[in-house]
Structures are given as structure tokens and as C-alpha cells.
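Have a look at start33.csv below; it lists CSV, C-alpha atoms and all ligand atoms.
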```csv
chain,number,residue,atom,x,y,z
A,1,MET,CA,116.2,-20.6,-91.4
A,2,ARG,CA,118.7,-17.7,-91.4
A,3,VAL,CA,118.2,-13.9,-91.9
A,4,ILE,CA,120.2,-12.2,-94.6
A,5,ALA,CA,120.3,-8.4,-94.9
A,6,GLY,CA,120.3,-6.6,-98.3
A,7,ILE,CA,121.8,-3.1,-98.0
A,8,ASP,CA,121.4,-0.6,-101.0
A,9,LEU,CA,123.6,2.4,-100.4
A,10,GLY,CA,122.4,5.3,-102.7
A,11,GLY,CA,123.4,8.9,-103.0
A,12,THR,CA,121.3,10.2,-100.1
A,13,ALA,CA,119.5,7.2,-98.6
A,14,ILE,CA,120.3,3.6,-97.6
A,15,ASN,CA,117.5,1.1,-98.4
A,16,TYR,CA,117.3,-2.2,-96.5
A,17,THR,CA,115.6,-5.5,-97.0
A,18,LEU,CA,115.7,-8.7,-94.9
A,19,LEU,CA,115.5,-12.2,-96.5
A,20,ALA,CA,114.7,-15.3,-94.5
A,21,ALA,CA,116.2,-18.4,-96.1
A,22,GLY,CA,117.1,-22.0,-95.5
A,23,GLN,CA,120.4,-23.5,-96.2
A,24,SER,CA,119.4,-25.4,-99.3
A,25,ASP,CA,117.5,-24.2,-102.4
A,26,GLY,CA,114.6,-26.5,-101.6
A,27,GLU,CA,113.9,-24.7,-98.3
A,28,GLY,CA,112.9,-21.5,-100.2
A,29,GLN,CA,113.3,-17.9,-99.2
A,30,LYS,CA,111.0,-15.0,-98.2
A,31,PHE,CA,111.5,-11.2,-98.0
A,32,LEU,CA,110.5,-9.9,-94.5
A,33,ILE,CA,110.3,-6.3,-95.7
A,34,GLU,CA,107.8,-5.4,-98.5
A,35,GLY,CA,108.4,-1.8,-99.5
A,36,LEU,CA,111.1,0.8,-98.9
A,37,CYS,CA,112.9,0.8,-95.6
A,38,GLU,CA,115.2,3.8,-95.6
A,39,HIS,CA,117.8,5.6,-93.4
A,40,PRO,CA,119.8,8.7,-94.4
A,41,ALA,CA,123.2,7.8,-96.0
A,42,ARG,CA,125.4,10.8,-95.1
A,43,SER,CA,128.0,9.5,-97.6
A,44,ARG,CA,129.2,13.0,-98.2
A,45,GLU,CA,130.7,13.0,-94.7
A,46,GLY,CA,133.0,10.1,-95.5
A,47,PRO,CA,133.3,6.4,-94.7
A,48,ALA,CA,133.4,6.6,-90.9
A,49,VAL,CA,130.1,8.5,-90.6
A,50,CYS,CA,128.5,6.5,-93.5
A,51,LEU,CA,129.4,3.0,-92.2
A,52,ARG,CA,128.0,4.0,-88.8
A,53,GLN,CA,124.8,5.1,-90.5
A,54,ILE,CA,124.5,1.8,-92.3
A,55,ALA,CA,124.9,-0.1,-89.0
A,56,ASP,CA,122.4,2.1,-87.2
A,57,GLY,CA,119.9,1.8,-90.0
A,58,LEU,CA,120.2,-2.0,-90.0
A,59,GLU,CA,119.4,-2.0,-86.3
A,60,ILE,CA,116.3,0.0,-87.0
A,61,ALA,CA,115.2,-2.2,-89.9
A,62,ALA,CA,115.7,-5.3,-87.8
A,63,ALA,CA,113.7,-3.8,-84.9
A,64,LYS,CA,110.9,-2.8,-87.2
A,65,SER,CA,110.7,-6.4,-88.6
A,66,GLY,CA,110.8,-7.9,-85.1
A,67,ILE,CA,114.1,-9.7,-85.8
A,68,PRO,CA,116.9,-9.6,-83.2
A,69,LEU,CA,120.1,-8.1,-84.8
A,70,THR,CA,122.0,-11.2,-83.8
A,71,GLU,CA,119.8,-13.3,-86.1
A,72,ILE,CA,121.3,-11.6,-89.2
A,73,LYS,CA,124.2,-13.8,-90.2
A,74,PHE,CA,125.1,-12.4,-93.7
A,75,ALA,CA,124.8,-9.1,-95.5
A,76,GLY,CA,124.9,-8.1,-99.1
A,77,LEU,CA,125.9,-4.5,-100.0
A,78,ASP,CA,125.4,-2.6,-103.2
A,79,THR,CA,126.5,0.9,-104.1
A,80,PRO,CA,126.8,3.1,-107.1
A,81,GLY,CA,130.2,2.8,-108.9
A,82,PRO,CA,132.8,3.1,-110.1
A,83,ALA,CA,134.2,0.3,-107.9
A,84,SER,CA,136.1,-2.9,-108.4
A,85,ALA,CA,134.1,-6.2,-108.5
A,86,THR,CA,135.1,-6.7,-104.8
A,87,GLY,CA,133.9,-3.3,-103.6
A,88,VAL,CA,137.0,-1.1,-103.7
A,89,LEU,CA,135.8,2.4,-104.7
A,90,SER,CA,137.6,4.2,-107.5
A,91,ALA,CA,140.6,6.2,-106.4
A,92,ARG,CA,139.4,8.9,-108.9
A,93,GLY,CA,136.3,9.6,-106.8
A,94,SER,CA,132.7,9.6,-108.0
A,95,THR,CA,129.5,11.7,-107.8
A,96,ASN,CA,128.2,9.7,-104.8
A,97,PHE,CA,131.5,9.4,-102.9
A,98,VAL,CA,133.0,12.9,-103.0
A,99,HIS,CA,134.7,12.9,-99.5
A,100,PRO,CA,138.5,12.3,-100.0
A,101,ASP,CA,138.5,9.4,-97.5
A,102,TRP,CA,136.4,7.4,-100.0
A,103,SER,CA,139.2,7.3,-102.6
A,104,GLY,CA,140.3,3.7,-103.0
A,105,PHE,CA,138.2,2.7,-99.9
A,106,ASP,CA,137.3,-1.0,-99.6
A,107,ILE,CA,133.7,-0.5,-98.6
A,108,ARG,CA,132.8,-4.2,-98.5
A,109,ALA,CA,135.7,-4.9,-96.0
A,110,GLY,CA,134.9,-1.8,-94.1
A,111,LEU,CA,131.3,-2.8,-93.6
A,112,GLN,CA,132.2,-6.4,-92.8
A,113,ALA,CA,134.5,-5.1,-90.0
A,114,ARG,CA,131.8,-2.8,-88.8
A,115,LEU,CA,128.9,-5.4,-88.7
A,116,GLY,CA,131.0,-8.4,-87.7
A,117,ILE,CA,129.3,-10.7,-90.3
A,118,PRO,CA,130.4,-11.7,-93.8
A,119,VAL,CA,129.4,-9.0,-96.4
A,120,THR,CA,129.2,-9.5,-100.2
A,121,TYR,CA,129.4,-6.7,-102.8
A,122,LEU,CA,127.8,-5.7,-106.1
A,123,ASN,CA,127.5,-2.4,-107.9
A,124,ASP,CA,123.9,-1.1,-107.8
A,125,ALA,CA,123.0,-1.9,-111.4
A,126,ASN,CA,124.3,-5.4,-111.2
A,127,ALA,CA,122.4,-5.9,-107.9
A,128,ALA,CA,119.2,-4.8,-109.6
A,129,ALA,CA,119.9,-7.1,-112.5
A,130,LEU,CA,120.3,-10.0,-110.1
A,131,TRP,CA,116.9,-9.2,-108.6
A,132,GLY,CA,115.3,-8.9,-112.0
A,133,HIS,CA,116.7,-12.3,-113.0
A,134,PHE,CA,115.5,-13.9,-109.8
A,135,ALA,CA,112.1,-12.3,-109.8
A,136,THR,CA,111.2,-12.9,-113.4
A,137,ILE,CA,112.8,-16.2,-114.1
A,138,GLY,CA,111.4,-17.8,-111.0
A,139,ALA,CA,112.3,-17.6,-107.3
A,140,ASP,CA,114.3,-20.8,-107.5
A,141,LEU,CA,118.1,-20.4,-107.3
A,142,ALA,CA,118.7,-23.9,-108.5
A,143,ASN,CA,116.7,-23.2,-111.7
A,144,ASP,CA,118.2,-19.7,-112.1
A,145,ALA,CA,121.6,-21.1,-112.2
A,146,LYS,CA,120.9,-22.6,-115.7
A,147,LEU,CA,119.5,-19.4,-117.2
A,148,THR,CA,120.7,-16.2,-118.9
A,149,SER,CA,119.2,-12.8,-118.7
A,150,ILE,CA,120.0,-9.2,-119.7
A,151,SER,CA,118.6,-6.4,-117.5
A,152,VAL,CA,118.6,-2.7,-118.5
A,153,ILE,CA,118.0,-0.1,-115.8
A,154,VAL,CA,116.7,3.2,-117.3
A,155,GLY,CA,117.1,6.0,-114.7
A,156,THR,CA,119.1,9.2,-114.6
A,157,GLY,CA,121.7,7.2,-116.5
A,158,ASN,CA,121.5,3.8,-118.0
A,159,GLY,CA,123.0,0.7,-116.5
A,160,GLY,CA,122.2,-2.9,-116.0
A,161,GLY,CA,123.6,-6.4,-115.8
A,162,VAL,CA,124.3,-9.5,-117.8
A,163,ILE,CA,123.7,-12.8,-116.0
A,164,VAL,CA,125.0,-15.9,-117.8
A,165,LYS,CA,123.8,-19.2,-116.4
A,166,GLY,CA,123.0,-17.6,-113.0
A,167,LYS,CA,126.4,-15.7,-112.7
A,168,ILE,CA,126.8,-12.0,-113.0
A,169,VAL,CA,129.4,-10.9,-115.5
A,170,SER,CA,131.3,-8.3,-113.5
A,171,GLY,CA,134.4,-8.3,-115.7
A,172,ARG,CA,138.1,-7.7,-115.1
A,173,ASN,CA,137.7,-4.2,-113.6
A,174,GLY,CA,134.1,-4.4,-112.2
A,175,PHE,CA,132.7,-2.7,-115.3
A,176,GLY,CA,130.9,-5.7,-116.8
A,177,GLY,CA,127.3,-4.9,-117.6
A,178,GLU,CA,128.0,-1.1,-118.3
A,179,LEU,CA,125.2,-1.5,-120.9
A,180,GLY,CA,124.6,2.3,-121.2
A,181,HIS,CA,127.8,2.9,-123.1
A,182,VAL,CA,127.3,0.2,-125.7
A,183,LEU,CA,127.0,1.9,-129.1
A,184,ILE,CA,123.7,1.3,-131.0
A,185,PRO,CA,122.8,1.9,-134.6
A,186,TYR,CA,120.6,4.9,-133.6
A,187,GLN,CA,120.5,6.2,-137.2
A,188,SER,CA,118.0,3.5,-138.0
A,189,ILE,CA,115.4,4.8,-135.5
A,190,ALA,CA,112.7,6.7,-137.4
A,191,GLY,CA,111.9,10.2,-136.4
A,192,ILE,CA,115.3,11.5,-135.2
A,193,GLU,CA,116.9,12.3,-138.5
A,194,GLY,CA,119.8,14.6,-138.1
A,195,LEU,CA,120.1,14.0,-134.3
A,196,ARG,CA,123.6,13.5,-132.9
A,197,PRO,CA,123.0,12.2,-129.4
A,198,GLU,CA,126.0,12.8,-127.1
A,199,CYS,CA,126.6,10.9,-123.9
A,200,ASN,CA,128.4,12.2,-120.8
A,201,CYS,CA,131.1,9.6,-121.5
A,202,GLY,CA,132.0,11.2,-124.8
A,203,ARG,CA,130.4,8.6,-127.1
A,204,ILE,CA,127.9,9.5,-129.8
A,205,GLY,CA,124.9,7.3,-130.0
A,206,ASP,CA,125.4,4.8,-127.1
A,207,LEU,CA,122.3,3.5,-125.3
A,208,GLU,CA,122.4,6.0,-122.5
A,209,SER,CA,122.6,9.0,-124.9
A,210,VAL,CA,119.0,8.3,-125.9
A,211,CYS,CA,117.7,6.0,-123.3
A,212,SER,CA,118.0,7.8,-119.9
A,213,LEU,CA,116.7,10.9,-118.2
A,214,THR,CA,120.1,12.5,-119.0
A,215,GLY,CA,119.5,11.5,-122.7
A,216,ILE,CA,116.1,13.2,-122.7
A,217,GLU,CA,117.4,16.3,-121.1
A,218,ARG,CA,120.5,16.6,-123.3
A,219,ASN,CA,119.4,15.2,-126.6
A,220,LEU,CA,115.8,14.2,-127.1
A,221,LEU,CA,113.9,17.0,-125.5
A,222,PRO,CA,115.8,19.9,-127.2
A,223,TYR,CA,115.5,18.0,-130.5
A,224,PHE,CA,111.7,17.3,-130.2
A,225,LEU,CA,110.9,20.8,-128.9
A,226,GLN,CA,112.0,22.1,-132.3
A,227,LYS,CA,109.5,19.8,-134.0
A,228,TYR,CA,106.7,20.8,-131.6
A,229,PRO,CA,106.9,24.6,-131.3
A,230,GLY,CA,104.8,26.1,-128.5
A,231,HIS,CA,104.8,22.8,-126.5
A,232,PRO,CA,104.3,23.6,-122.8
A,233,LEU,CA,107.6,21.9,-121.8
A,234,ALA,CA,109.5,24.5,-123.8
A,235,THR,CA,109.0,26.9,-120.9
A,236,ALA,CA,109.1,24.4,-118.0
A,237,GLY,CA,112.8,25.1,-117.3
A,238,GLU,CA,115.1,22.7,-115.5
A,239,LYS,CA,112.2,20.3,-114.6
A,240,ALA,CA,111.2,19.8,-118.2
A,241,ALA,CA,113.0,16.5,-118.7
A,242,LYS,CA,111.5,14.9,-115.6
A,243,LEU,CA,108.0,15.9,-116.7
A,244,VAL,CA,108.3,14.0,-120.0
A,245,ARG,CA,107.4,10.6,-118.5
A,246,GLY,CA,104.1,11.9,-116.9
A,247,HIS,CA,103.1,13.7,-120.1
A,248,ALA,CA,103.9,10.5,-122.2
A,249,GLU,CA,101.7,8.5,-119.9
A,250,GLN,CA,98.8,10.9,-120.4
A,251,GLY,CA,99.2,10.6,-124.2
A,252,ASP,CA,101.0,13.8,-125.1
A,253,SER,CA,102.2,13.2,-128.6
A,254,MET,CA,105.7,14.8,-128.3
A,255,CYS,CA,106.4,12.9,-125.1
A,256,ARG,CA,105.1,9.7,-126.6
A,257,ASP,CA,107.5,10.3,-129.5
A,258,ILE,CA,110.4,10.7,-127.0
A,259,PHE,CA,109.5,7.5,-125.2
A,260,ARG,CA,109.0,5.7,-128.5
A,261,VAL,CA,112.6,6.6,-129.5
A,262,GLN,CA,113.8,5.3,-126.2
A,263,ALA,CA,111.9,2.1,-126.6
A,264,ARG,CA,113.2,1.6,-130.2
A,265,ALA,CA,116.8,2.2,-128.9
A,266,LEU,CA,116.2,-0.5,-126.3
A,267,GLY,CA,114.9,-2.8,-129.1
A,268,LEU,CA,118.1,-2.3,-131.1
A,269,PHE,CA,120.2,-2.9,-128.0
A,270,PHE,CA,118.3,-6.1,-127.1
A,271,ASP,CA,118.8,-7.3,-130.6
A,272,GLU,CA,122.6,-7.0,-130.1
A,273,MET,CA,122.2,-9.0,-126.8
A,274,VAL,CA,120.1,-11.7,-128.3
A,275,ASN,CA,122.8,-12.3,-131.0
A,276,ILE,CA,125.6,-12.3,-128.4
A,277,PHE,CA,124.0,-14.3,-125.5
A,278,ASP,CA,120.9,-16.0,-126.9
A,279,PRO,CA,119.4,-15.2,-123.5
A,280,ASP,CA,116.3,-16.7,-121.8
A,281,MET,CA,114.9,-13.3,-120.7
A,282,LEU,CA,115.2,-9.5,-121.4
A,283,ILE,CA,114.3,-7.3,-118.5
A,284,VAL,CA,113.6,-3.5,-118.3
A,285,GLY,CA,113.8,-1.7,-114.9
A,286,GLY,CA,114.5,1.7,-113.4
A,287,GLY,CA,112.6,5.0,-112.8
A,288,ALA,CA,111.6,5.3,-116.5
A,289,ILE,CA,109.2,2.4,-116.3
A,290,GLU,CA,107.6,3.2,-112.9
A,291,THR,CA,104.4,3.9,-114.6
A,292,SER,CA,100.9,2.5,-115.1
A,293,PRO,CA,100.6,-1.1,-116.3
A,294,GLU,CA,99.0,0.2,-119.6
A,295,PHE,CA,102.0,2.5,-120.3
A,296,GLN,CA,104.4,-0.3,-119.5
A,297,GLN,CA,102.6,-2.6,-121.9
A,298,TRP,CA,102.8,0.1,-124.6
A,299,LEU,CA,106.5,0.5,-124.0
A,300,LEU,CA,107.2,-3.3,-124.2
A,301,ALA,CA,105.3,-3.4,-127.5
A,302,GLU,CA,107.4,-0.5,-128.8
A,303,ILE,CA,110.6,-2.2,-127.7
A,304,ARG,CA,109.7,-5.3,-129.5
A,305,ALA,CA,108.7,-3.3,-132.6
A,306,GLY,CA,112.2,-1.8,-132.5
A,307,MET,CA,113.9,-5.2,-132.7
A,308,PRO,CA,114.9,-6.3,-136.2
A,309,ALA,CA,113.4,-9.6,-137.2
A,310,GLN,CA,114.6,-12.5,-135.0
A,311,ARG,CA,115.4,-16.1,-135.9
A,312,VAL,CA,112.3,-18.3,-135.5
A,313,GLU,CA,113.8,-19.9,-132.4
A,314,GLN,CA,114.4,-16.6,-130.7
A,315,ALA,CA,111.3,-14.7,-131.8
A,316,ASP,CA,109.4,-15.5,-128.6
A,317,ILE,CA,112.0,-14.3,-126.2
A,318,PRO,CA,110.2,-12.7,-123.2
A,319,ILE,CA,110.7,-9.0,-122.4
A,320,ARG,CA,109.6,-8.2,-118.9
A,321,ILE,CA,109.2,-5.2,-116.6
A,322,MET,CA,111.4,-5.6,-113.4
A,323,PRO,CA,109.1,-5.9,-110.4
A,324,ASN,CA,109.6,-4.0,-107.1
A,325,GLY,CA,111.8,-1.5,-108.9
A,326,ASP,CA,112.5,0.8,-106.0
A,327,THR,CA,113.8,-2.1,-103.8
A,328,ALA,CA,115.6,-4.0,-106.6
A,329,GLY,CA,119.1,-3.1,-105.4
A,330,ALA,CA,118.6,-4.2,-101.8
A,331,ARG,CA,116.9,-7.4,-102.9
A,332,GLY,CA,119.6,-8.3,-105.4
A,333,ALA,CA,122.3,-7.6,-102.8
A,334,ALA,CA,120.5,-9.9,-100.4
A,335,ILE,CA,120.3,-12.7,-103.0
A,336,ARG,CA,124.0,-12.3,-103.7
A,337,ALA,CA,124.7,-12.8,-100.0
A,338,LEU,CA,122.3,-15.8,-99.9
A,339,GLU,CA,124.2,-17.5,-102.8
A,340,MET,CA,127.5,-17.0,-101.1
A,341,TRP,CA,126.2,-18.5,-97.8
A,342,ARG,CA,124.7,-21.5,-99.6
A,343,ARG,CA,127.9,-22.1,-101.5
A,344,GLN,CA,130.0,-21.9,-98.4
A,345,SER,CA,127.7,-24.1,-96.3
A,346,GLY,CA,127.5,-26.6,-99.2
A,347,ARG,CA,131.3,-26.7,-99.3
A,348,ARG,CA,131.5,-27.2,-95.5
A,349,LYS,CA,129.0,-30.1,-95.8
A,350,SER,CA,131.0,-31.8,-98.5
A,351,ASP,CA,134.2,-31.3,-96.6
A,352,HIS,CA,132.5,-32.9,-93.6
A,353,ALA,CA,131.3,-35.8,-95.8
A,354,HIS,CA,134.9,-36.3,-97.1
A,355,ALA,CA,136.3,-36.2,-93.6
A,356,GLY,CA,133.8,-38.9,-92.5
A,357,SER,CA,134.4,-41.3,-95.4
B,401,ZN,ZN,128.0,6.8,-122.7
```
Can the structure in the file be given as C-alpha cells, please?
Amino acid sequence: MRVIAGIDLGGTAINYTLLAAGQSDGEGQKFLIEGLCEHPARSREGPAVCLRQIADGLEIAAAKSGIPLTEIKFAGLDTPGPASATGVLSARGSTNFVHPDWSGFDIRAGLQARLGIPVTYLNDANAAALWGHFATIGADLANDAKLTSISVIVGTGNGGGVIVKGKIVSGRNGFGGELGHVLIPYQSIAGIEGLRPECNCGRIGDLESVCSLTGIERNLLPYFLQKYPGHPLATAGEKAAKLVRGHAEQGDSMCRDIFRVQARALGLFFDEMVNIFDPDMLIVGGGAIETSPEFQQWLLAEIRAGMPAQRVEQADIPIRIMPNGDTAGARGAAIRALEMWRRQSGRRKSDHAHAGS
């Protein structure tokens, strides 16, 4: 068995996981860290400080789990984008990497040099999607490789990932799976007549414009407050959008309406995906669904109700909630590194067999 680290670099914190795994699929794999294992990211101070933070935090995570650091042979890293598919951060900068030294920085190569072990890279939404795929379709990489899933992560924004026959679609520029900016026929959603939902990207009526915290704040909440004069959230100020989820869970009718619109938007989006990919599984993750199981079930039913009628063969497509949402990025990053290690060691074995024959 080997130990593989999953490292999820967020805006303010780094989250770690450790995965013990054997060389072949049959030997299985096991996460050695259950919940969050965090260390401050300090990404605002630039790559030199941040990479040191990642290495220090990994040492702490290993010590907590009783694993000598030298046992960790591979690491998977995920970060917010925009970045290339191989981990070169955008030269135009981004919200999470504001320090000028980050511009065009190859964070995967930088971390590999710092840790002295092979490091793989994914953007954070794709890493979460890989975890969702693995966790819901079955913890068996050999079986996963045959299957297709679409994961939508509903948080501050809206992202996700498309996994076709076990492989993440990362695209030519690393922007594959930018699901939030796919346009949806929002005009067909009941109860938002006259709404023109704008997204930060400039599009009108993409998935993120209605199905994200930003979408609630910018579009849905102002719209519904007009329909519900005197609602307590009208005077809640800046926090109002964040309070919608809690109110919806408790049955507040305006906030339920807002979540119903989000669910219906997801239903329309999933319908597009069903027709493009004919997937095995649809998965919803992110902060929006970190709620009680009852509310999650209500949401799943509303998503399904939002999907136009499917072909008989596709009508039973499962829609699932992504498990372990807060550690999804780190877990997905570790699985990516595990796949890479198994592929490499498989190749070495077959080279060896050829050399011996
Ligand atoms: Zn957009």
C-alpha cells in the first residue's frame, strides 16, 4: 500500500486528505482522514509563502494521521481557476491569486519541486466532480472507467465537471466543465416572469445567473422581495442572500420559491446534459445542498420535476447528492493522483514484461 495526498488549495485555507491505496484496482483504497484537515493558505502573499504553507500543512496532516512524511509518494493538487489543464495559473490574475508573482505561475510544477514527489493538477470544480463520480458510482476505479457523470457544484458561483467514461473533460484551455456559464431556457421556469437574470460573465440566463449564491443575491432575491413585501430578509442587508438557504429549509415560502427556481434551472440544465452525453449519473454538490436530508430530497424532487419528459430509456437516470461535500476537492485531487500512479506503474510493469519476453 502507498499513501497519496490530496491537497485542496482554497482562497483562505488548504484542506488535506490522505488516501492509502494498492497498486492495482483490486487492492482497493481507503481515506485516512475523515473530515476537514485545514491549514491557512496565505495565497495573498504569493507563491513562495503559499507553497511553503502547503508543505508545512502536509507535514502536520501526516503527523496527525500517524503517517511518516516519507510514506507519501504522490500528491494531487486542486485550486480555483482560471488555470490551464496542467496547472499554469492565468496571466490575467484571479480573485484567489492576486499577488503579481502568481501571474502565469505553474503551481503544479512549483509544488512538485517543493515536495519532491510527483504532483497532479485539477481545477477545484473538476476535482469535486471526480470525487462525486467516484463516491456515487462506486469506489471501484476499474468500473468507474466505463461510466459517465455530470456534477454541478452550487456555491458562491456555479461550476462542476463532466466525466466521460472515467475521464475528466478538461478541454483545450482547461475550461472544460465550466457548467455555470451554459445558457438555459430560463424563460420556461414558472414564477419568474419578467426576470432578466444577469451573470458576472455578462451572459443573461446562464445556469450560474439563477443557480448560485451570487445568482440569489443579484437576481432572485431582489425579484422575489418585490413579490413578498414586508419579508424579514428585505431588511437583512448584505447577509440576506446567505440566509435564504436556512429560511428555505425551515419552510419559508419565499425562500422555498427561490430554491425551487434554482432546482428547476438545474433540471433544465441536466436535460441538456442527458441529451448530449446520455450519462449514467447526475450529481449535485456544493454549499447550497449542505442541508438536512429532508431538504435535499425535496430539492432532488424539484430538480426532477424541472426536467422535461425523458425518453423511456433515460427516465430513470439517478440524480444524487455529492457526499462529503466539504472535502470533495481534496478527495478528488487524491483520486486523480492515484489514477496517475496506477497508470504509470501499470506501464512500468508491461515494459518489464516486454523486456523479459
Ligand atoms: Zn455566466
**OP:** Name the closest residue to A:Val164 among the candidates A:Arg108, A:Lys146, A:Lys239, A:His247; distances are taken between atoms, counting only C-alpha atoms.
**Re:** A:Lys146
**OP:** Compute the set of protein, DNA and RNA residues whose minimum atom distance to ligand ZN 401 (chain B) is at most 8 Å, using only C-alpha atoms and all ligand atoms, and state it as a ChimeraX atom specification.
**Re:** /A:180-182,198-209
Original post:
What does the distance from atom CA of A:Ala265 to atom CA of A:Met307 come to in Å, to one decimal?
Top reply: 8.8 Å
Subject >> Selection near stretch 128-132 of chain A, 10 Å with all atoms listed in the file, sequence-local residues under 2 positions removed, as a VMD selection string >> reply: chain A and resid 8 78 122 to 126 134 to 139 149 to 153 159 to 163 166 to 168 177 281 to 286 320 to 336
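Between atom CA of A:Val119 and atom CA of A:Pro47 there is a distance of 16.0 Å.
Taking atom CA of A:Cys255 as the reference point, atom CA of A:Phe270 is found at 22.5 Å.
Once only C-alpha atoms are considered, the residues situated within 12 Å of the file point (129.3, -9.0, -128.1) turn out to be Val162, Gly176, Gly177, Leu179, Val182, Leu183, Phe269, Phe270, Asp271, Glu272, Met273, Val274, Asn275, Ile276, Phe277 and Asp278 of chain A.
Considering all atoms listed in the file, the residue among A:Glu71, A:Arg342, A:Asp351, A:Ser84 positioned nearest to A:Arg172 is A:Ser84.
Of the residues listed (A:Ala234, A:Leu268, A:Val210, A:Leu115), A:Leu268 shows the shortest atom-to-atom separation from A:Gly306; distances use all atoms listed in the file.
Proximity ranking of A:Arg348, A:Gly11, A:Gly26, A:Tyr121 relative to A:Pro80 places A:Gly11 first, based on only C-alpha atoms.
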Original post:
Which residues come within 10 Å of A:Asp316, counting all atoms listed in the file, excluding same-chain residues fewer than 4 positions away, as a PyMOL selection string?
Top reply: chain A and resi 280-281+310-312
Subject >> Within 6 Å of stretch 17-23 of chain A using only C-alpha atoms, minus same-chain residues under 3 positions, as an NGL selection string >> reply: :A and (1-6 or 27 or 29-33 or 330 or 342)
